[in-house]
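Q: Provided herewith is a single structure, encoded as structure tokens, for subsequent inquiry.
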Amino acid sequence: MRILLSNDDGILAPGLAAMHRAVAELGEVIVVAPSHPQSAAGHAITLRGPLTVQQVHLGTGQEGFTALSIDGRPADCVRLAVRKLLPAPVDLVLAGINAGANVGINVFYSGTVAAAAEAAMLHLPAVAFSAAVGDQEVDLPRVARLCRWVLDRLLEWGLQAGQLVNVNIPVLGPHRPRGVRVVPQSTAGVQDAYQPQEHPEGLESYRLGDSFNFAPTDESTDVVCLEEGYITVTSLKVDMTDRARHTELLQAGKTWPDLPEL
Ligand code: MN
């Protein structure tokens, strides 16, 4: 199996190396990642200016591997790799392991999910992996083992072209997570607050607060299940069409009057 691995925390992120270690034996793993951290880059791509590709060697000894570093966004990395850099098609695209959960509406801001979504747009099966961060440092070897275990199940059950799966690992205590929950994405808002900032020239200035707490939400969503200590698995879709509303608009459209004079 040929796997393309990317992330949004950048080529030097420990989560990328941990994911590489976790999947190396599955086949050929090609790593293409942003040269600098790109968290919350969302699905941005670079329209103007070149994308520079550099080969780098990461890790040491038996765990060392070669990767391509690109001075662009996560979606740029996957897009450029698939469209141009890779000599042969890949079977699977993975993103992560992100330092920080990507659940609820944060999925829209996430560069990790965007890297996987870009692959789905290119009709490849894709999985994004993120680890919730608590008070302690993320135990990457354990998180990576869990990511691999989830990936093995997904592969066993069949990942099809264009399918996009978002996996989040909860904060790990001394024990295993409580289990796995296949859950929908929460759409609850984030209760953050913009803090007024001093500006050197006295202009009005704000900074987004650090706390990313979600508003209370349904128990059966990714946000709540992750918080409760479950691994969450959420199937996402690139097609954002609201089918029910679409049908309503189609019905309404039958009676739309002629366009106004311009
Ligand atoms: Mn990140």
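Residue numbering restarts at 1 for every chain of the structure tokens, chains are lettered A, B, ... in their displayed order, and ligands are numbered from 1 as they appear.
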Can you tell me which residues come within 12 Å of ligand 1 when counting only C-alpha atoms and all ligand atoms, ideally as a PyMOL selection string?
A: chain A and resi 6-16+33-34+36-42+73-74+95-102+106-107+109-115+128-133
Q: DSSP says strand (DSSP E) for which residues of region 97-243 of chain A? Put them as a ChimeraX atom specification?
A: /A:97-99,126-131,164-169,180-182,194-196,206-208,231-236
Q: Could you please determine the separation between CA of Ala18 (chain A) and CA of Pro141 (chain A) in Å, to one decimal place?
A: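 Pair CA of Ala18 (chain A) / CA of Pro141 (chain A) returns 6.6 Å.
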Q: Per residue of region 60-177 of chain A within 7 Å of region 218-233 of chain A, record the nearest atom pair and its distance in Å to one decimal, counting only C-alpha atoms, with rows in chain order and ascending residue number, as JSON lines.
A:
```
{"residue": "A:Val103", "atom": "CA", "partner": "A:Val223", "partner_atom": "CA", "distance": 5.6}
{"residue": "A:Gly104", "atom": "CA", "partner": "A:Val223", "partner_atom": "CA", "distance": 5.8}
{"residue": "A:Val165", "atom": "CA", "partner": "A:Val233", "partner_atom": "CA", "distance": 6.8}
{"residue": "A:Asn166", "atom": "CA", "partner": "A:Val233", "partner_atom": "CA", "distance": 5.8}
{"residue": "A:Val167", "atom": "CA", "partner": "A:Val233", "partner_atom": "CA", "distance": 4.7}
{"residue": "A:Asn168", "atom": "CA", "partner": "A:Thr232", "partner_atom": "CA", "distance": 5.2}
{"residue": "A:Ile169", "atom": "CA", "partner": "A:Ile231", "partner_atom": "CA", "distance": 4.8}
{"residue": "A:Pro170", "atom": "CA", "partner": "A:Gly229", "partner_atom": "CA", "distance": 5.2}
{"residue": "A:Val171", "atom": "CA", "partner": "A:Gly229", "partner_atom": "CA", "distance": 6.8}
{"residue": "A:Pro177", "atom": "CA", "partner": "A:Tyr230", "partner_atom": "CA", "distance": 5.5}
```
Q: With N, CA and C atoms retained, could you export that selection as a PDB file, in the first residue's frame?
A:
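Result file again-v6.pdb:
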```
ATOM      1  N   VAL A 103     -12.706  18.627  16.623  1.00  0.00           N
ATOM      2  CA  VAL A 103     -14.101  18.199  16.669  1.00  0.00           C
ATOM      3  C   VAL A 103     -15.001  19.426  16.544  1.00  0.00           C
ATOM      4  N   GLY A 104     -16.302  19.159  16.312  1.00  0.00           N
ATOM      5  CA  GLY A 104     -17.262  20.253  16.219  1.00  0.00           C
ATOM      6  C   GLY A 104     -16.932  21.186  15.069  1.00  0.00           C
ATOM      7  N   VAL A 165     -12.640  10.431   6.806  1.00  0.00           N
ATOM      8  CA  VAL A 165     -12.952  10.061   8.191  1.00  0.00           C
ATOM      9  C   VAL A 165     -12.114  10.920   9.140  1.00  0.00           C
ATOM     10  N   ASN A 166     -12.781  11.458  10.143  1.00  0.00           N
ATOM     11  CA  ASN A 166     -12.114  12.307  11.133  1.00  0.00           C
ATOM     12  C   ASN A 166     -12.054  11.574  12.467  1.00  0.00           C
ATOM     13  N   VAL A 167     -10.828  11.259  12.909  1.00  0.00           N
ATOM     14  CA  VAL A 167     -10.634  10.478  14.134  1.00  0.00           C
ATOM     15  C   VAL A 167      -9.996  11.364  15.204  1.00  0.00           C
ATOM     16  N   ASN A 168     -10.569  11.344  16.395  1.00  0.00           N
ATOM     17  CA  ASN A 168      -9.992  12.085  17.520  1.00  0.00           C
ATOM     18  C   ASN A 168      -9.752  11.154  18.694  1.00  0.00           C
ATOM     19  N   ILE A 169      -8.564  11.299  19.293  1.00  0.00           N
ATOM     20  CA  ILE A 169      -8.187  10.500  20.461  1.00  0.00           C
ATOM     21  C   ILE A 169      -8.346  11.385  21.695  1.00  0.00           C
ATOM     22  N   PRO A 170      -9.035  10.892  22.733  1.00  0.00           N
ATOM     23  CA  PRO A 170      -9.250  11.744  23.911  1.00  0.00           C
ATOM     24  C   PRO A 170      -7.963  11.919  24.718  1.00  0.00           C
ATOM     25  N   VAL A 171      -8.019  12.806  25.682  1.00  0.00           N
ATOM     26  CA  VAL A 171      -6.907  12.939  26.628  1.00  0.00           C
ATOM     27  C   VAL A 171      -6.744  11.586  27.317  1.00  0.00           C
ATOM     28  N   PRO A 177      -8.762   4.573  26.625  1.00  0.00           N
ATOM     29  CA  PRO A 177     -10.005   5.330  26.444  1.00  0.00           C
ATOM     30  C   PRO A 177     -11.209   4.423  26.739  1.00  0.00           C
TER      31      PRO A 177
END
```
Q: If we count only C-alpha atoms, what is near Gln55 (chain A) at a cut-off of 7 Å, once residues fewer than 5 positions away on the same chain are taken out, given as a list in words?
A: Thr66, Ala67, Leu68 and Ser69 of chain A
Q: If we count only C-alpha atoms, what is near Arg79 (chain A) at a cut-off of 8 Å, once residues fewer than 3 positions away on the same chain are taken out, given as a PyMOL selection string?
A: chain A and resi 75-76+82-83+118-119+122
Q: Just asking: which residues within region 213-258 of chain A are helix (DSSP H, G or I) according to DSSP, as a PyMOL selection string?
A: chain A and resi 222-227+243-253
Q: Excluding same-chain residues fewer than 4 positions from region 63-65 of chain A, what lies within 12 Å of it counting only C-alpha atoms, as a PyMOL selection string?
A: chain A and resi 11+16-25+28-32+55-59
